[in-house]
Structure formats: C-alpha cells, structure tokens
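Trainee: Would you mind keeping the following structure in view while I ask a few things?
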Amino acid sequence: MEFVFIRPGSFRMGSAPVEAGRQADETPHDVELTRGFYLGKYEVTQAQWVAVMVRNPSHFAACGPRCPVETVSYEEVQRFIGRLGELAAGSRFRLPSEAEWEYACRAGTATPFATGGNLTTAQANYDGRYPFDGAAKGSYRGQPVPVGSYPPNPWGLHDMHGNVWEWCEDYYGDYPSAAVKDPVVHRRLARQVWDARGPSWGLKRVIRGGSWYFDAASCRCALRHTHEQRDRGFSLGFRLVREPRE
C-alpha cells in the first residue's frame, strides 16, 4: 500500500448554506488538526484484500486486482485491519475519522469538490447521467474502475470523489457548531458526547466520497452518508490511515 503524508492544518468542515445539493447535517464548523497522518493514496484494492484475507468478497471481482475491494462491511474491514497489523511489523492501521477524511478530500480547497465548483466524469467515476447543479451530463460506467484511473487531488490522493464509498471510523451524529481541535471519540455512559470525530455511540457509521453508482452531488467533499456497520454494498469500500507503532 502507498500512503501520502497529510500535514496538520485547519479547515472549515461542512458546507456553506448556499452550496448546491447541501444537506441539513453539514453544519459548518472550524476544525484544527495539529498532528499529521498518513492516508492511503488509493482505495484498498482487491489484490490487497486477498493478500490479507484470502477470499475476494467483491461483486465486481472480474474488474481485476487493481480495482477497489467492495461489498465489505465495517466489521469485516476491522478484521482486515487486525490481520494487516499482524503482518506489517512496525505499523498499525485504522480507518480515517470524518474530520481527517474531509480535510484530505478538500486538500486545501473550500469548494464543493477538490476540482472546484463542478466534477466531471473525466475527473471521477460517478453516474454522469446525474451531473452537479445543471452541469453537462457525462458517462456512466456502471462499475468501479482500477484505482488511480483519474488524476489525484492537490494533495496526491486518488478517487476521494467517486469510484466506491469509503468507510470512516465515526458513528453518525449531529455536528457541533463550535470550533474543535484534534477531535477524538469519547465514550461516556449511554449518551452521545460529540466532537468533530463523531458521537460516542450510534447505530450507523459514516461513509464518504460517493461512488460509481451515485450522482455527482454525492461526491461533494461535505456530503455525509451512512450504513449500519454490518452492511455490505457493491459500491462500498475503504482506504486506510497508517500510523507508526509507538
């Protein structure tokens, strides 16, 4: 796996009230990340999954080893992470938080997409029959494509928009309105304690980035979608954060 170092910094998480396609759960708030992290340059591939787990669960297995693994639940991803950690001495792995994911997806931009005010099907794999905010229609490929088929975002990350949805570590919950710094998940009794990384418990996990099966608006940097952690889907995959062992 290849990883890109994401430098620490601050950004505005969520979306402006005037952004096309905006959802009510995208409350804008300032987030500061004071520690950098290594994020996967690509979505985890079928070949990488098979190297660790042996069996390929992908609906689109015929797409090939460089295509993203999909049809994997959050629970299965956690088992993959555990086994990968045993194999990769000197490193540990996890899913990105929502804040980390959006920070990396935006890559220093403040527009709906890292590409600006629009996203074309020459820039990402989504259902081009449903373009963004009245833009021209594009192609519909009907399946994932090999990772790295499209240009990277300004920070060198591929397929942050489209191809397959990506699991995040967070439970789904309402955003805070106040600024937060180095958000972490807290667990206190049986109630939600919110910060920018997510609520302390819930029924659903956050997924990000849109996919080949969804429209352009689903690929917006701020768009939040959810699944129960046991769910699988033929457009649902992930990428990882790598951390050095202490």
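In the structure tokens, the first chain shown is A, the next is B, and so on; residue numbers restart at 1 for each chain, and ligands run from 1 in the order shown.
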Residues near Asp30 of chain A, anyone? I mean within 7 Å using only C-alpha atoms, not counting same-chain ones fewer than 6 positions away, as a PyMOL selection string.

Mentor: chain A and resi 11-13+179-180

Trainee: Let me make sure I understand: among A:Gly117, A:Gln46, A:Pro112, A:Gly134, which one has the smallest atom-to-atom distance to Gly237 of chain A if we use only C-alpha atoms?

Mentor: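 So, comparing all the options, the nearest one is A:Gln46.
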
Trainee: Give the alpha helix (DSSP H) residues of segment 67-198 of chain A, as assigned by DSSP on the backbone, as a list in words.

Mentor: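 Filtering segment 67-198 of chain A to alpha helix (DSSP H) leaves Tyr74, Glu75, Glu76, Val77, Gln78, Arg79, Phe80, Ile81, Gly82, Arg83, Leu84, Gly85, Glu86, Leu87, Glu98, Ala99, Glu100, Trp101, Glu102, Tyr103, Ala104, Cys105 and Arg106 of chain A.
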
Trainee: Neighbours of segment 14-17 of chain A within 7 Å (only C-alpha atoms; same-chain residues fewer than 3 positions away dropped), as a PDB file with C-alpha atoms, in the first residue's frame?

Mentor:
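What follows is the written file out21.pdb:
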ATOM      1  CA  ARG A  22     -26.343  20.754   0.601  1.00  0.00           C
ATOM      2  CA  GLU A  26     -23.493  19.593   7.073  1.00  0.00           C
ATOM      3  CA  THR A  27     -23.295  22.302   9.753  1.00  0.00           C
ATOM      4  CA  PRO A  28     -20.153  24.366   9.031  1.00  0.00           C
ATOM      5  CA  HIS A  29     -17.599  24.498  11.842  1.00  0.00           C
ATOM      6  CA  ALA A 222     -19.059  17.701   2.689  1.00  0.00           C
TER       7      ALA A 222
END

Trainee: Please produce, as a Markdown table, a per-residue contact table for segment 9-100 of chain A versus segment 164-177 of chain A (criterion: any atom at most 8 Å away, only C-alpha atoms considered), showing the nearest atom pair and its distance in Å to one decimal, sorted by chain then residue number.

Mentor:
| residue | atom | partner | partner_atom | distance |
| --- | --- | --- | --- | --- |
| A:Asp25 | CA | A:Asp174 | CA | 6.3 |
| A:Glu26 | CA | A:Tyr175 | CA | 7.2 |
| A:Thr27 | CA | A:Tyr175 | CA | 6.0 |
| A:Pro28 | CA | A:Ser177 | CA | 6.9 |
| A:His29 | CA | A:Ser177 | CA | 5.4 |
| A:Glu43 | CA | A:Glu166 | CA | 8.0 |
| A:Pro68 | CA | A:Val164 | CA | 7.3 |
| A:Glu70 | CA | A:Val164 | CA | 7.3 |
| A:Tyr74 | CA | A:Trp167 | CA | 6.8 |
| A:Arg94 | CA | A:Glu169 | CA | 7.9 |
| A:Leu95 | CA | A:Glu169 | CA | 5.3 |
| A:Pro96 | CA | A:Cys168 | CA | 5.4 |
| A:Ser97 | CA | A:Glu169 | CA | 5.2 |
| A:Glu98 | CA | A:Cys168 | CA | 5.9 |

Trainee: Can you list, as a list in words, every protein, DNA or RNA residue that comes within 9 Å of His59 of chain A when you count only C-alpha atoms, leaving out same-chain residues fewer than 4 positions away?

Mentor: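 Within the cut-off, the hits are Val69, Glu70, Thr71, Gly233, Phe234 and Ser235 of chain A.
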
Trainee: How about saving the chosen residues, N, CA, C and O atoms kept, as a PDB file, in the first residue's frame?

Mentor:
ATOM      1  N   VAL A  69     -11.567  -3.053  -3.597  1.00  0.00           N
ATOM      2  CA  VAL A  69     -12.410  -4.071  -2.982  1.00  0.00           C
ATOM      3  C   VAL A  69     -13.715  -3.400  -2.563  1.00  0.00           C
ATOM      4  O   VAL A  69     -13.731  -2.245  -2.143  1.00  0.00           O
ATOM      5  N   GLU A  70     -14.813  -4.097  -2.720  1.00  0.00           N
ATOM      6  CA  GLU A  70     -16.123  -3.577  -2.304  1.00  0.00           C
ATOM      7  C   GLU A  70     -16.948  -4.741  -1.749  1.00  0.00           C
ATOM      8  O   GLU A  70     -16.463  -5.866  -1.671  1.00  0.00           O
ATOM      9  N   THR A  71     -18.183  -4.420  -1.365  1.00  0.00           N
ATOM     10  CA  THR A  71     -19.047  -5.397  -0.698  1.00  0.00           C
ATOM     11  C   THR A  71     -18.398  -5.872   0.601  1.00  0.00           C
ATOM     12  O   THR A  71     -18.382  -7.065   0.918  1.00  0.00           O
ATOM     13  N   GLY A 233     -22.174  -3.480   0.412  1.00  0.00           N
ATOM     14  CA  GLY A 233     -22.761  -2.923  -0.802  1.00  0.00           C
ATOM     15  C   GLY A 233     -21.767  -2.979  -1.935  1.00  0.00           C
ATOM     16  O   GLY A 233     -20.555  -2.906  -1.713  1.00  0.00           O
ATOM     17  N   PHE A 234     -22.280  -3.117  -3.163  1.00  0.00           N
ATOM     18  CA  PHE A 234     -21.363  -3.269  -4.301  1.00  0.00           C
ATOM     19  C   PHE A 234     -20.714  -1.960  -4.730  1.00  0.00           C
ATOM     20  O   PHE A 234     -19.986  -1.914  -5.709  1.00  0.00           O
ATOM     21  N   SER A 235     -20.947  -0.902  -3.954  1.00  0.00           N
ATOM     22  CA  SER A 235     -20.197   0.345  -4.179  1.00  0.00           C
ATOM     23  C   SER A 235     -19.621   0.862  -2.869  1.00  0.00           C
ATOM     24  O   SER A 235     -19.406   2.054  -2.703  1.00  0.00           O
TER      25      SER A 235
END

Trainee: Select from segment 11-243 of chain A everything DSSP, run on the backbone, classes as strand (DSSP E), then give the selection as number ranges by chain.

Mentor: A: 11-13, 29-33, 37-40, 91-94, 165-171, 180-181, 204-208, 225-228, 236-237, 241-243

Trainee: Can I get the selected residues back with N, CA, C and O atoms, as a compact mmCIF listing (two decimals), in the first residue's frame?

Mentor:
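Final output, result-v9.txt:
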# COMPACT_ATOMS: atom_id res chain seq x y z
N PHE A 11 -9.30 23.73 8.78
CA PHE A 11 -10.22 23.87 7.66
C PHE A 11 -11.63 24.05 8.17
O PHE A 11 -11.92 23.85 9.36
N ARG A 12 -12.49 24.45 7.26
CA ARG A 12 -13.91 24.63 7.57
C ARG A 12 -14.63 23.35 7.15
O ARG A 12 -14.71 23.03 5.96
N MET A 13 -15.09 22.58 8.11
CA MET A 13 -15.78 21.31 7.84
C MET A 13 -17.26 21.57 7.65
O MET A 13 -17.84 22.45 8.29
N HIS A 29 -18.32 24.23 10.60
CA HIS A 29 -17.60 24.50 11.84
C HIS A 29 -16.11 24.35 11.57
O HIS A 29 -15.69 23.64 10.67
N ASP A 30 -15.30 25.05 12.35
CA ASP A 30 -13.85 25.04 12.16
C ASP A 30 -13.22 23.86 12.89
O ASP A 30 -13.55 23.59 14.06
N VAL A 31 -12.30 23.20 12.21
CA VAL A 31 -11.58 22.06 12.79
C VAL A 31 -10.08 22.30 12.62
O VAL A 31 -9.63 22.67 11.54
N GLU A 32 -9.34 22.08 13.69
CA GLU A 32 -7.88 22.15 13.63
C GLU A 32 -7.30 20.78 13.93
O GLU A 32 -7.65 20.14 14.94
N LEU A 33 -6.44 20.30 13.06
CA LEU A 33 -5.72 19.05 13.26
C LEU A 33 -4.25 19.41 13.46
O LEU A 33 -3.59 19.88 12.53
N PHE A 37 -0.90 12.89 9.47
CA PHE A 37 -1.20 11.46 9.41
C PHE A 37 -0.95 10.96 7.99
O PHE A 37 -0.94 11.74 7.03
N TYR A 38 -0.75 9.67 7.86
CA TYR A 38 -0.55 9.04 6.55
C TYR A 38 -1.86 8.41 6.09
O TYR A 38 -2.42 7.55 6.77
N LEU A 39 -2.34 8.84 4.93
CA LEU A 39 -3.59 8.32 4.38
C LEU A 39 -3.31 7.60 3.07
O LEU A 39 -2.45 8.00 2.30
N GLY A 40 -4.05 6.52 2.84
CA GLY A 40 -3.86 5.74 1.63
C GLY A 40 -3.97 6.59 0.38
O GLY A 40 -4.94 7.34 0.21
N SER A 91 4.00 -1.02 11.96
CA SER A 91 2.90 -0.11 11.63
C SER A 91 1.59 -0.62 12.20
O SER A 91 1.43 -1.82 12.45
N ARG A 92 0.67 0.29 12.39
CA ARG A 92 -0.70 -0.08 12.72
C ARG A 92 -1.62 0.72 11.83
O ARG A 92 -1.23 1.76 11.29
N PHE A 93 -2.83 0.26 11.67
CA PHE A 93 -3.74 0.81 10.68
C PHE A 93 -5.11 1.05 11.30
O PHE A 93 -5.49 0.41 12.28
N ARG A 94 -5.84 1.98 10.70
CA ARG A 94 -7.20 2.29 11.13
C ARG A 94 -7.91 3.00 10.00
O ARG A 94 -7.29 3.43 9.02
N TRP A 165 -17.76 4.22 -2.24
CA TRP A 165 -17.90 4.87 -0.94
C TRP A 165 -16.80 4.37 -0.01
O TRP A 165 -16.33 3.23 -0.15
N GLU A 166 -16.42 5.17 0.98
CA GLU A 166 -15.34 4.81 1.89
C GLU A 166 -15.82 4.90 3.34
O GLU A 166 -16.30 5.94 3.80
N TRP A 167 -15.65 3.78 4.05
CA TRP A 167 -15.98 3.75 5.47
C TRP A 167 -15.10 4.73 6.25
O TRP A 167 -13.90 4.83 6.00
N CYS A 168 -15.70 5.43 7.21
CA CYS A 168 -14.96 6.19 8.21
C CYS A 168 -15.15 5.54 9.57
O CYS A 168 -16.03 4.70 9.76
N GLU A 169 -14.34 5.94 10.53
CA GLU A 169 -14.41 5.33 11.86
C GLU A 169 -15.62 5.82 12.66
O GLU A 169 -16.13 5.10 13.52
N ASP A 170 -16.14 6.99 12.33
CA ASP A 170 -17.15 7.63 13.17
C ASP A 170 -18.52 6.97 13.12
O ASP A 170 -18.99 6.52 12.07
N TYR A 171 -19.18 7.00 14.27
CA TYR A 171 -20.63 6.85 14.27
C TYR A 171 -21.23 8.13 13.68
O TYR A 171 -20.65 9.20 13.77
N VAL A 180 -13.44 22.99 16.96
CA VAL A 180 -12.87 21.87 17.70
C VAL A 180 -11.41 21.69 17.28
O VAL A 180 -11.00 22.08 16.19
N LYS A 181 -10.64 21.07 18.17
CA LYS A 181 -9.21 20.89 17.95
C LYS A 181 -8.84 19.44 18.24
O LYS A 181 -9.21 18.89 19.28
N LYS A 204 -25.34 3.68 13.22
CA LYS A 204 -24.77 3.73 11.88
C LYS A 204 -23.39 4.38 11.88
O LYS A 204 -23.10 5.24 12.70
N ARG A 205 -22.56 3.95 10.93
CA ARG A 205 -21.25 4.55 10.72
C ARG A 205 -21.31 5.45 9.48
O ARG A 205 -22.14 5.26 8.58
N VAL A 206 -20.40 6.39 9.44
CA VAL A 206 -20.35 7.33 8.33
C VAL A 206 -19.57 6.72 7.16
O VAL A 206 -18.57 6.04 7.35
N ILE A 207 -20.06 6.96 5.95
CA ILE A 207 -19.32 6.67 4.73
C ILE A 207 -19.21 7.96 3.93
O ILE A 207 -20.06 8.84 4.03
N ARG A 208 -18.17 8.07 3.12
CA ARG A 208 -17.88 9.32 2.42
C ARG A 208 -17.46 9.08 0.98
O ARG A 208 -17.00 8.01 0.61
N HIS A 225 -22.97 10.26 4.30
CA HIS A 225 -23.93 9.18 4.11
C HIS A 225 -23.63 8.13 5.18
O HIS A 225 -22.58 8.17 5.83
N THR A 226 -24.54 7.18 5.38
CA THR A 226 -24.38 6.24 6.49
C THR A 226 -24.73 4.82 6.07
O THR A 226 -25.46 4.59 5.09
N HIS A 227 -24.21 3.88 6.84
CA HIS A 227 -24.62 2.47 6.78
C HIS A 227 -24.49 1.87 8.17
O HIS A 227 -23.64 2.30 8.97
N GLU A 228 -25.30 0.87 8.47
CA GLU A 228 -25.04 0.08 9.66
C GLU A 228 -23.74 -0.68 9.45
O GLU A 228 -23.39 -1.04 8.32
N LEU A 236 -19.30 -0.05 -1.95
CA LEU A 236 -18.85 0.33 -0.61
C LEU A 236 -17.49 -0.30 -0.31
O LEU A 236 -17.36 -1.52 -0.21
N GLY A 237 -16.46 0.56 -0.19
CA GLY A 237 -15.10 0.11 0.10
C GLY A 237 -14.47 0.96 1.18
O GLY A 237 -15.15 1.47 2.07
N VAL A 241 -5.69 4.71 7.16
CA VAL A 241 -4.64 5.52 7.77
C VAL A 241 -3.58 4.57 8.31
O VAL A 241 -3.91 3.55 8.93
N ARG A 242 -2.31 4.89 8.08
CA ARG A 242 -1.20 4.11 8.67
C ARG A 242 -0.51 4.95 9.74
O ARG A 242 -0.19 6.10 9.52
N GLU A 243 -0.32 4.34 10.90
CA GLU A 243 0.36 5.01 12.00
C GLU A 243 1.57 4.19 12.42
O GLU A 243 1.50 2.96 12.48

Trainee: I need the residue nearest Val72 of chain A from this list: A:Ala99, A:Ala51, A:Val44, A:Leu119. Use only C-alpha atoms for the distance.

Mentor: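 Nearest candidate to Val72 of chain A out of A:Ala99, A:Ala51, A:Val44, A:Leu119: A:Val44.
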
Trainee: I want to know what sits within 8 Å of Val145 of chain A, based on only C-alpha atoms, with residues of the same chain fewer than 6 positions away left out; could you give that as a list in words?

Mentor: Cys63, Cys67, Pro68, Asn125 and Asn163 of chain A

Trainee: With a distance cut-off of 7 Å and only C-alpha atoms, select the neighbouring residues of Phe132 of chain A, excluding the residue or stretch itself and same-chain residues fewer than 6 positions from it, and output the selection as an mmCIF file with N, CA, C and O atoms, in the first residue's frame.

Mentor:
data_model
loop_
_atom_site.group_PDB
_atom_site.id
_atom_site.type_symbol
_atom_site.label_atom_id
_atom_site.label_comp_id
_atom_site.auth_asym_id
_atom_site.auth_seq_id
_atom_site.Cartn_x
_atom_site.Cartn_y
_atom_site.Cartn_z
ATOM 1 N N ASN A 118 -17.418 22.160 -9.841
ATOM 2 C CA ASN A 118 -18.039 21.073 -10.576
ATOM 3 C C ASN A 118 -17.089 19.879 -10.626
ATOM 4 O O ASN A 118 -15.888 20.014 -10.389
ATOM 5 N N ALA A 216 -23.399 12.995 -9.049
ATOM 6 C CA ALA A 216 -22.270 13.882 -8.775
ATOM 7 C C ALA A 216 -22.381 14.528 -7.397
ATOM 8 O O ALA A 216 -21.377 14.689 -6.699
ATOM 9 N N ALA A 217 -23.583 14.919 -6.985
ATOM 10 C CA ALA A 217 -23.751 15.601 -5.697
ATOM 11 C C ALA A 217 -23.299 14.730 -4.535
ATOM 12 O O ALA A 217 -22.842 15.236 -3.506
#

Trainee: Using only C-alpha atoms, which protein or nucleic acid residues come within 9 Å of Phe80 of chain A? Drop anything in the same chain fewer than 3 positions from it, and give the result as number ranges by chain.

Mentor: A: 49, 52-53, 75-77, 83-85

Trainee: For the residues in the current selection, export N, CA and C atoms as a compact mmCIF listing (two decimals), in the first residue's frame.

Mentor:
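Here's the written file out-v2.txt:
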# COMPACT_ATOMS: atom_id res chain seq x y z
N TRP A 49 -6.69 -6.87 -0.47
CA TRP A 49 -7.62 -7.60 0.41
C TRP A 49 -7.31 -9.10 0.37
N VAL A 52 -4.35 -10.43 2.32
CA VAL A 52 -4.53 -10.49 3.77
C VAL A 52 -5.62 -11.49 4.17
N MET A 53 -6.73 -11.48 3.45
CA MET A 53 -7.92 -12.24 3.85
C MET A 53 -8.19 -13.49 3.00
N GLU A 75 -17.48 -4.15 9.92
CA GLU A 75 -16.96 -5.22 10.78
C GLU A 75 -15.89 -6.03 10.06
N GLU A 76 -16.10 -6.32 8.79
CA GLU A 76 -15.10 -7.06 8.03
C GLU A 76 -13.83 -6.23 7.82
N VAL A 77 -14.01 -4.94 7.63
CA VAL A 77 -12.84 -4.06 7.50
C VAL A 77 -12.02 -4.08 8.78
N ARG A 83 -5.68 -8.18 10.98
CA ARG A 83 -4.74 -9.11 10.36
C ARG A 83 -3.60 -8.38 9.67
N LEU A 84 -3.92 -7.25 9.03
CA LEU A 84 -2.88 -6.47 8.37
C LEU A 84 -1.85 -6.00 9.39
N GLY A 85 -2.29 -5.58 10.56
CA GLY A 85 -1.38 -5.14 11.60
C GLY A 85 -0.45 -6.24 12.05

Trainee: Using only C-alpha atoms, can you tell me which of A:Ala178, A:Leu240, A:Val4, A:Met160 comes closest to Gly148 of chain A?

Mentor: A:Met160

Trainee: Report the distance between atom CA of Leu223 of chain A and atom CA of Asp127 of chain A in Å, rounded to one decimal place.

Mentor: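 Taking atom CA of Leu223 of chain A as the start and atom CA of Asp127 of chain A as the end point, the length is 16.0 Å.
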